[in-house]
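Engineer: My file is structure.pdb. It has PDB, C-alpha atoms:
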```
ATOM      1  CA  MET A   3       4.564 -18.236  10.294
ATOM      2  CA  ALA A   4       7.691 -20.136   9.369
ATOM      3  CA  SER A   5       5.984 -21.616   6.308
ATOM      4  CA  ASP A   6       4.935 -18.090   5.254
ATOM      5  CA  GLN A   7       8.582 -17.075   4.978
ATOM      6  CA  HIS A   8       9.223 -19.860   2.477
ATOM      7  CA  LYS A   9       6.335 -18.757   0.259
ATOM      8  CA  SER A  10       7.148 -16.508  -2.675
ATOM      9  CA  TYR A  11       6.374 -12.821  -2.387
ATOM     10  CA  GLU A  12       3.595 -13.063  -4.969
ATOM     11  CA  SER A  13       1.817 -15.950  -3.245
ATOM     12  CA  ARG A  14       2.081 -14.275   0.175
ATOM     13  CA  VAL A  15       0.532 -11.064  -1.188
ATOM     14  CA  ALA A  16      -2.137 -13.049  -3.051
ATOM     15  CA  THR A  17      -3.104 -14.786   0.210
ATOM     16  CA  THR A  18      -3.320 -11.562   2.254
ATOM     17  CA  THR A  19      -5.189  -9.790  -0.585
ATOM     18  CA  LEU A  20      -7.791 -12.554  -0.772
ATOM     19  CA  THR A  21      -8.186 -12.538   3.010
ATOM     20  CA  LEU A  22      -8.632  -8.749   2.988
ATOM     21  CA  ALA A  23     -11.138  -8.978   0.113
ATOM     22  CA  ALA A  24     -13.135 -11.623   2.008
ATOM     23  CA  TRP A  25     -13.296  -9.539   5.212
ATOM     24  CA  THR A  26     -14.104  -6.360   3.250
ATOM     25  CA  GLY A  27     -16.940  -8.145   1.431
ATOM     26  CA  THR A  28     -18.265  -9.498   4.731
ATOM     27  CA  TRP A  29     -18.069  -6.026   6.315
ATOM     28  CA  VAL A  30     -19.975  -4.499   3.370
ATOM     29  CA  ALA A  31     -22.607  -7.236   3.780
ATOM     30  CA  THR A  32     -22.969  -6.479   7.515
ATOM     31  CA  CYS A  33     -23.297  -2.750   6.644
ATOM     32  CA  ALA A  34     -26.139  -3.621   4.253
ATOM     33  CA  VAL A  35     -27.823  -5.780   6.893
ATOM     34  CA  LEU A  36     -27.482  -2.952   9.428
ATOM     35  CA  ALA A  37     -28.820  -0.358   6.969
ATOM     36  CA  PHE A  38     -31.819  -2.290   5.687
ATOM     37  CA  GLY A  39     -32.422  -4.987   8.307
ATOM     38  CA  PRO A  40     -34.217  -2.874  10.953
ATOM     39  CA  LYS A  41     -36.817  -1.739   8.420
ATOM     40  CA  PHE A  42     -37.203  -4.761   6.149
ATOM     41  CA  LEU A  43     -36.092  -7.805   8.162
ATOM     42  CA  TRP A  44     -36.869  -7.448  11.883
ATOM     43  CA  ALA A  45     -39.334  -4.551  12.242
ATOM     44  CA  GLU A  46     -36.921  -2.334  14.174
ATOM     45  CA  ASN A  47     -36.485  -4.762  17.078
ATOM     46  CA  THR A  48     -33.901  -2.978  19.265
ATOM     47  CA  ALA A  49     -32.112  -6.112  20.491
ATOM     48  CA  ILE A  50     -31.604  -7.453  16.974
ATOM     49  CA  THR A  51     -30.462  -4.025  15.750
ATOM     50  CA  LEU A  52     -27.884  -3.815  18.571
ATOM     51  CA  ALA A  53     -26.709  -7.336  17.689
ATOM     52  CA  ALA A  54     -26.326  -6.223  14.059
ATOM     53  CA  VAL A  55     -24.300  -3.194  15.208
ATOM     54  CA  ALA A  56     -22.045  -5.449  17.318
ATOM     55  CA  LEU A  57     -21.568  -7.839  14.396
ATOM     56  CA  ASN A  58     -20.745  -4.923  12.068
ATOM     57  CA  VAL A  59     -18.116  -3.556  14.482
ATOM     58  CA  LEU A  60     -16.564  -6.997  15.090
ATOM     59  CA  VAL A  61     -16.288  -7.723  11.376
ATOM     60  CA  GLY A  62     -14.918  -4.194  10.899
ATOM     61  CA  VAL A  63     -12.151  -4.891  13.439
ATOM     62  CA  ALA A  64     -11.325  -8.139  11.619
ATOM     63  CA  MET A  65     -11.170  -6.169   8.349
ATOM     64  CA  VAL A  66      -8.742  -3.659   9.870
ATOM     65  CA  ILE A  67      -6.519  -6.507  11.153
ATOM     66  CA  ALA A  68      -6.616  -8.133   7.697
ATOM     67  CA  ASN A  69      -5.651  -4.790   6.143
ATOM     68  CA  LYS A  70      -2.745  -4.417   8.567
ATOM     69  CA  LYS A  71      -1.499  -7.922   7.682
ATOM     70  CA  HIS A  72      -1.921  -7.162   3.984
ATOM     71  CA  ILE A  73       0.179  -4.001   4.242
ATOM     72  CA  ALA A  74       2.815  -5.894   6.251
ATOM     73  CA  SER A  75       3.056  -8.473   3.448
ATOM     74  CA  LEU A  76       3.784  -5.834   0.786
ATOM     75  CA  ASP A  77       7.302  -4.997  -0.348
ATOM     76  CA  GLU A  78       8.804  -1.610   0.476
ATOM     77  CA  MET A  79       7.736   0.159  -2.728
ATOM     78  CA  HIS A  80       4.129  -0.983  -2.418
ATOM     79  CA  LYS A  81       4.133  -0.072   1.281
ATOM     80  CA  ARG A  82       5.229   3.433   0.270
ATOM     81  CA  ILE A  83       2.509   3.634  -2.409
ATOM     82  CA  THR A  84      -0.093   2.529   0.146
ATOM     83  CA  LEU A  85       1.180   4.942   2.792
ATOM     84  CA  GLU A  86       1.076   7.891   0.381
ATOM     85  CA  ALA A  87      -2.399   6.952  -0.898
ATOM     86  CA  MET A  88      -3.668   6.649   2.689
ATOM     87  CA  GLY A  89      -2.109   9.998   3.617
ATOM     88  CA  ILE A  90      -3.711  11.745   0.641
ATOM     89  CA  THR A  91      -7.052  10.063   1.401
ATOM     90  CA  LEU A  92      -6.938  11.148   5.048
ATOM     91  CA  GLY A  93      -6.097  14.724   4.048
ATOM     92  CA  VAL A  94      -8.761  14.949   1.343
ATOM     93  CA  GLY A  95     -11.334  13.353   3.665
ATOM     94  CA  LEU A  96     -10.612  15.972   6.312
ATOM     95  CA  ILE A  97     -10.507  19.056   4.092
ATOM     96  CA  VAL A  98     -13.665  18.001   2.236
ATOM     97  CA  SER A  99     -15.766  16.747   5.149
ATOM     98  CA  VAL A 100     -15.438  19.767   7.470
ATOM     99  CA  PRO A 101     -16.596  22.469   4.984
ATOM    100  CA  TYR A 102     -19.135  20.033   3.481
ATOM    101  CA  SER A 103     -20.691  19.472   6.897
ATOM    102  CA  LEU A 104     -20.706  23.226   7.633
ATOM    103  CA  MET A 105     -22.296  23.970   4.263
ATOM    104  CA  ASP A 106     -25.092  21.589   5.219
ATOM    105  CA  ALA A 107     -25.399  23.201   8.659
ATOM    106  CA  TYR A 108     -25.799  26.664   7.094
ATOM    107  CA  ASP A 109     -28.103  25.382   4.325
ATOM    108  CA  LEU A 110     -25.670  26.276   1.552
ATOM    109  CA  ILE A 111     -26.372  22.953  -0.178
ATOM    110  CA  ALA A 112     -29.810  21.739  -1.202
ATOM    111  CA  PHE A 113     -29.360  18.218   0.176
ATOM    112  CA  ASP A 114     -28.200  16.571   3.412
ATOM    113  CA  ALA A 115     -24.483  15.859   3.878
ATOM    114  CA  GLU A 116     -24.512  12.076   4.206
ATOM    115  CA  ILE A 117     -21.641   9.985   5.579
ATOM    116  CA  ALA A 118     -21.931   7.880   2.394
ATOM    117  CA  HIS A 119     -20.711  10.901   0.391
ATOM    118  CA  LEU A 120     -17.541  11.016   2.509
ATOM    119  CA  VAL A 121     -17.006   7.265   2.107
ATOM    120  CA  ALA A 122     -17.354   7.663  -1.681
ATOM    121  CA  ILE A 123     -14.918  10.614  -1.765
ATOM    122  CA  MET A 124     -12.382   8.657   0.318
ATOM    123  CA  GLY A 125     -12.738   5.568  -1.866
ATOM    124  CA  ILE A 126     -12.278   7.495  -5.099
ATOM    125  CA  THR A 127      -9.328   9.455  -3.649
ATOM    126  CA  TYR A 128      -7.594   6.282  -2.435
ATOM    127  CA  LEU A 129      -8.089   4.562  -5.792
ATOM    128  CA  ALA A 130      -6.889   7.591  -7.807
ATOM    129  CA  SER A 131      -3.853   8.125  -5.518
ATOM    130  CA  THR A 132      -2.844   4.466  -5.767
ATOM    131  CA  ILE A 133      -3.143   4.424  -9.572
ATOM    132  CA  TRP A 134      -1.161   7.683  -9.838
ATOM    133  CA  ARG A 135       1.705   6.406  -7.632
ATOM    134  CA  VAL A 136       1.841   2.967  -9.287
ATOM    135  CA  TRP A 137       1.974   4.742 -12.657
ATOM    136  CA  SER A 138       4.730   7.113 -11.498
ATOM    137  CA  PHE A 139       6.997   4.175 -10.538
ATOM    138  CA  ARG A 140       6.612   2.445 -13.907
TER     139      ARG A 140
ATOM    140  CA  MET B  14      20.748   6.760  -6.973
ATOM    141  CA  LYS B  15      22.216   4.816  -9.885
ATOM    142  CA  ASN B  16      22.623   1.058  -9.914
ATOM    143  CA  ARG B  17      23.924  -1.834 -12.029
ATOM    144  CA  LEU B  18      21.049  -4.174 -11.241
ATOM    145  CA  LYS B  19      19.905  -4.477 -14.850
ATOM    146  CA  VAL B  20      23.430  -5.247 -16.102
ATOM    147  CA  LEU B  21      24.091  -7.791 -13.366
ATOM    148  CA  ARG B  22      20.729  -9.433 -14.017
ATOM    149  CA  ALA B  23      21.393  -9.584 -17.765
ATOM    150  CA  GLU B  24      24.835 -11.122 -17.168
ATOM    151  CA  ARG B  25      23.131 -13.986 -15.346
ATOM    152  CA  ASP B  26      20.349 -14.203 -17.922
ATOM    153  CA  TRP B  27      17.692 -13.666 -15.256
ATOM    154  CA  THR B  28      14.287 -12.133 -15.863
ATOM    155  CA  GLN B  29      12.940  -9.345 -13.653
ATOM    156  CA  ALA B  30      10.495 -11.857 -12.207
ATOM    157  CA  GLN B  31      13.318 -14.247 -11.250
ATOM    158  CA  LEU B  32      15.307 -11.463  -9.613
ATOM    159  CA  ALA B  33      12.160 -10.258  -7.824
ATOM    160  CA  GLU B  34      11.546 -13.737  -6.430
ATOM    161  CA  ALA B  35      15.144 -14.026  -5.253
ATOM    162  CA  LEU B  36      14.895 -10.640  -3.504
ATOM    163  CA  GLN B  37      11.366 -11.343  -2.165
ATOM    164  CA  VAL B  38       9.863  -8.247  -3.788
ATOM    165  CA  SER B  39       7.473  -7.653  -6.686
ATOM    166  CA  ARG B  40       8.581  -7.507 -10.323
ATOM    167  CA  GLN B  41       7.309  -3.901 -10.434
ATOM    168  CA  THR B  42       9.699  -2.993  -7.619
ATOM    169  CA  VAL B  43      12.674  -4.528  -9.447
ATOM    170  CA  ASN B  44      11.663  -2.590 -12.570
ATOM    171  CA  ALA B  45      11.371   0.691 -10.608
ATOM    172  CA  ILE B  46      14.787   0.163  -8.977
ATOM    173  CA  GLU B  47      16.433  -0.664 -12.318
ATOM    174  CA  LYS B  48      14.984   2.508 -13.835
ATOM    175  CA  GLY B  49      16.177   4.574 -10.874
ATOM    176  CA  LYS B  50      12.622   5.558  -9.947
ATOM    177  CA  PHE B  51      12.725   3.901  -6.552
ATOM    178  CA  ASP B  52      15.665   3.746  -4.165
ATOM    179  CA  PRO B  53      15.804   0.483  -2.203
ATOM    180  CA  SER B  54      16.168   0.396   1.572
ATOM    181  CA  LEU B  55      19.485  -0.642   3.095
ATOM    182  CA  PRO B  56      18.226  -4.180   3.954
ATOM    183  CA  LEU B  57      17.062  -4.705   0.351
ATOM    184  CA  ALA B  58      20.365  -3.348  -1.000
ATOM    185  CA  PHE B  59      22.214  -5.805   1.276
ATOM    186  CA  ARG B  60      20.025  -8.667   0.003
ATOM    187  CA  ALA B  61      20.966  -7.701  -3.568
ATOM    188  CA  ALA B  62      24.644  -7.525  -2.583
ATOM    189  CA  ARG B  63      24.485 -11.010  -1.034
ATOM    190  CA  LEU B  64      22.638 -12.355  -4.061
ATOM    191  CA  PHE B  65      25.227 -11.024  -6.524
ATOM    192  CA  ASN B  66      28.049 -11.740  -4.074
ATOM    193  CA  MET B  67      29.571  -8.296  -4.326
ATOM    194  CA  PRO B  68      29.839  -5.158  -2.165
ATOM    195  CA  ILE B  69      26.868  -2.798  -2.114
ATOM    196  CA  GLU B  70      28.916   0.061  -3.580
ATOM    197  CA  GLN B  71      29.622  -2.022  -6.694
ATOM    198  CA  ILE B  72      25.870  -2.313  -7.303
ATOM    199  CA  PHE B  73      24.504   0.997  -6.033
ATOM    200  CA  ASN B  74      26.131   4.405  -6.108
ATOM    201  CA  ASP B  75      24.857   7.783  -5.071
ATOM    202  CA  ASP B  76      24.616  10.520  -7.721
ATOM    203  CA  GLU B  77      25.269  13.231  -5.201
ATOM    204  CA  VAL B  78      28.836  14.194  -4.390
ATOM    205  CA  ILE B  79      29.097  14.617  -0.651
ATOM    206  CA  SER B  80      31.462  17.408   0.277
ATOM    207  CA  VAL B  81      32.810  17.398   3.797
ATOM    208  CA  ASP B  82      33.477  20.825   5.200
ATOM    209  CA  ASP B  83      36.950  20.971   6.734
ATOM    210  CA  SER B  84      35.559  22.863   9.713
ATOM    211  CA  GLU B  85      33.246  19.923  10.522
ATOM    212  CA  ARG B  86      36.054  17.370  10.618
ATOM    213  CA  GLY B  87      36.978  18.370  14.147
TER     214      GLY B  87
END
```
Written as structure tokens, that's how I'd like the structure from this file.

Structural biologist:
Amino acid sequence: MASDQHKSYESRVATTTLTLAAWTGTWVATCAVLAFGPKFLWAENTAITLAAVALNVLVGVAMVIANKKHIASLDEMHKRITLEAMGITLGVGLIVSVPYSLMDAYDLIAFDAEIAHLVAIMGITYLASTIWRVWSFR
Amino acid sequence: MKNRLKVLRAERDWTQAQLAEALQVSRQTVNAIEKGKFDPSLPLAFRAARLFNMPIEQIFNDDEVISVDDSERG
């Protein structure tokens, strides 16, 4: 930790960003294994599927810890940008997902409300919010 | 909040990147503070004061005039 304090801000953020990217990539890979593995890799063997679920959750926890460390490494303006983007994403995720799910329940939409749609909405919202706030501070 | 960060930096012939490194923040943050788009926290303002070796109020000053109501003075 002491050596971290002597690193420049840019190199500290670069390190935590790379670590977060690595864990995020690994988590996405475990999601893919969990989604397609039971059908294409291990013929729906329950024990292997449960092991894949456990691996996915463990890597997910590591990704969350890496994200927390990444945010902690940011300076105060970038922390604020991240906080606002996360707040907007949480709000949009909530106000979109509840009516979207109910519309599916009452057959008001022609397709099933998939969790992937919510993940996509949250991702796009977070990206757009971050770009907007970074732009506004320029 | 207004500040003299840009002037003080120019007097020392520092780039935004050099000032950012000295303050342990990003260059974008230094730029936003100089333009008055982002107000620094008290710890960051103190770091700037120590770096330029001058009181905080000679670097940063509030735009708002604070009026103290006589009745609140006790």

Engineer: Residues at most 12 Å from region 80-94 of chain A, counting only C-alpha atoms, excluding those fewer than 4 positions away in the same chain, as a CSV table (one decimal) with C-alpha atoms, keeping the file's coordinate frame?

Structural biologist:
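The resulting file, selection.csv, is reproduced below:
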```csv
chain,number,residue,atom,x,y,z
A,15,VAL,CA,0.5,-11.1,-1.2
A,69,ASN,CA,-5.7,-4.8,6.1
A,70,LYS,CA,-2.7,-4.4,8.6
A,71,LYS,CA,-1.5,-7.9,7.7
A,72,HIS,CA,-1.9,-7.2,4.0
A,73,ILE,CA,0.2,-4.0,4.2
A,74,ALA,CA,2.8,-5.9,6.3
A,75,SER,CA,3.1,-8.5,3.4
A,76,LEU,CA,3.8,-5.8,0.8
A,98,VAL,CA,-13.7,18.0,2.2
A,99,SER,CA,-15.8,16.7,5.1
A,100,VAL,CA,-15.4,19.8,7.5
A,101,PRO,CA,-16.6,22.5,5.0
A,102,TYR,CA,-19.1,20.0,3.5
A,120,LEU,CA,-17.5,11.0,2.5
A,121,VAL,CA,-17.0,7.3,2.1
A,122,ALA,CA,-17.4,7.7,-1.7
A,123,ILE,CA,-14.9,10.6,-1.8
A,124,MET,CA,-12.4,8.7,0.3
A,125,GLY,CA,-12.7,5.6,-1.9
A,126,ILE,CA,-12.3,7.5,-5.1
A,127,THR,CA,-9.3,9.5,-3.6
A,128,TYR,CA,-7.6,6.3,-2.4
A,129,LEU,CA,-8.1,4.6,-5.8
A,130,ALA,CA,-6.9,7.6,-7.8
A,131,SER,CA,-3.9,8.1,-5.5
A,132,THR,CA,-2.8,4.5,-5.8
A,133,ILE,CA,-3.1,4.4,-9.6
A,134,TRP,CA,-1.2,7.7,-9.8
A,135,ARG,CA,1.7,6.4,-7.6
A,136,VAL,CA,1.8,3.0,-9.3
A,137,TRP,CA,2.0,4.7,-12.7
A,138,SER,CA,4.7,7.1,-11.5
A,139,PHE,CA,7.0,4.2,-10.5
B,38,VAL,CA,9.9,-8.2,-3.8
B,39,SER,CA,7.5,-7.7,-6.7
B,40,ARG,CA,8.6,-7.5,-10.3
B,41,GLN,CA,7.3,-3.9,-10.4
B,42,THR,CA,9.7,-3.0,-7.6
B,43,VAL,CA,12.7,-4.5,-9.4
B,45,ALA,CA,11.4,0.7,-10.6
B,51,PHE,CA,12.7,3.9,-6.6
B,52,ASP,CA,15.7,3.7,-4.2
B,53,PRO,CA,15.8,0.5,-2.2
B,54,SER,CA,16.2,0.4,1.6
```

Engineer: Determine, counting all atoms listed in the file, which protein, DNA and RNA residues have an atom within 6 Å of an atom of Phe73 (chain B); residues of the same chain fewer than 2 positions away are not included. Present the result as number ranges by chain.

Structural biologist: B: 15-16, 69-71

Engineer: Residues of chain A within 7 Å of chain B, counting only C-alpha atoms - could you list those as JSON, numbers by chain?

Structural biologist: {"A": [10, 11, 12, 77, 79, 139, 140]}

Engineer: Rounded to one decimal place, report the CA of Leu57 (chain A)-CA of Gly39 (chain A) distance in Å.

Structural biologist: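 CA of Leu57 (chain A) sits 12.8 Å away from CA of Gly39 (chain A).
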
Engineer: CA of Met65 (chain A) and CA of Thr19 (chain A), how far apart in Å?

Structural biologist: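 Value for the CA of Thr19 (chain A)-CA of Met65 (chain A) distance: 11.3 Å.
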
Engineer: For CA of Thr51 (chain A) and CA of Ile67 (chain A), quote the distance in Å rounded to one decimal.

Structural biologist: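 Atom-to-atom, CA of Thr51 (chain A) to CA of Ile67 (chain A), that is 24.5 Å.
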
Engineer: Could you complete region 19-38 of chain B so that it carries N, CA and C atoms, and give it back as a tab-separated table (two decimals), in the frame of the given file?

Structural biologist:
```tsv
chain	number	residue	atom	x	y	z
B	19	LYS	N	20.33	-3.96	-13.54
B	19	LYS	CA	19.90	-4.48	-14.85
B	19	LYS	C	21.05	-5.22	-15.56
B	20	VAL	N	22.25	-4.64	-15.47
B	20	VAL	CA	23.43	-5.25	-16.10
B	20	VAL	C	23.75	-6.58	-15.44
B	21	LEU	N	23.77	-6.57	-14.12
B	21	LEU	CA	24.09	-7.79	-13.37
B	21	LEU	C	23.06	-8.89	-13.63
B	22	ARG	N	21.81	-8.48	-13.73
B	22	ARG	CA	20.73	-9.43	-14.02
B	22	ARG	C	20.90	-10.03	-15.42
B	23	ALA	N	21.23	-9.14	-16.38
B	23	ALA	CA	21.39	-9.58	-17.76
B	23	ALA	C	22.59	-10.54	-17.89
B	24	GLU	N	23.65	-10.26	-17.14
B	24	GLU	CA	24.84	-11.12	-17.17
B	24	GLU	C	24.50	-12.55	-16.74
B	25	ARG	N	23.53	-12.66	-15.85
B	25	ARG	CA	23.13	-13.99	-15.35
B	25	ARG	C	21.94	-14.55	-16.11
B	26	ASP	N	21.48	-13.78	-17.09
B	26	ASP	CA	20.35	-14.20	-17.92
B	26	ASP	C	19.08	-14.44	-17.10
B	27	TRP	N	18.88	-13.56	-16.10
B	27	TRP	CA	17.69	-13.67	-15.26
B	27	TRP	C	16.63	-12.70	-15.77
B	28	THR	N	15.38	-13.06	-15.56
B	28	THR	CA	14.29	-12.13	-15.86
B	28	THR	C	14.05	-11.27	-14.62
B	29	GLN	N	13.28	-10.18	-14.81
B	29	GLN	CA	12.94	-9.35	-13.65
B	29	GLN	C	12.16	-10.16	-12.63
B	30	ALA	N	11.31	-11.04	-13.11
B	30	ALA	CA	10.50	-11.86	-12.21
B	30	ALA	C	11.38	-12.78	-11.37
B	31	GLN	N	12.41	-13.36	-11.99
B	31	GLN	CA	13.32	-14.25	-11.25
B	31	GLN	C	14.10	-13.48	-10.18
B	32	LEU	N	14.57	-12.28	-10.58
B	32	LEU	CA	15.31	-11.46	-9.61
B	32	LEU	C	14.37	-11.03	-8.47
B	33	ALA	N	13.14	-10.67	-8.83
B	33	ALA	CA	12.16	-10.26	-7.82
B	33	ALA	C	11.91	-11.39	-6.83
B	34	GLU	N	11.79	-12.61	-7.32
B	34	GLU	CA	11.55	-13.74	-6.43
B	34	GLU	C	12.74	-13.97	-5.50
B	35	ALA	N	13.94	-13.82	-6.07
B	35	ALA	CA	15.14	-14.03	-5.25
B	35	ALA	C	15.26	-12.95	-4.17
B	36	LEU	N	14.80	-11.74	-4.48
B	36	LEU	CA	14.90	-10.64	-3.50
B	36	LEU	C	13.65	-10.53	-2.64
B	37	GLN	N	12.64	-11.37	-2.91
B	37	GLN	CA	11.37	-11.34	-2.16
B	37	GLN	C	10.66	-9.99	-2.27
B	38	VAL	N	10.63	-9.47	-3.50
B	38	VAL	CA	9.86	-8.25	-3.79
B	38	VAL	C	9.06	-8.49	-5.06
```
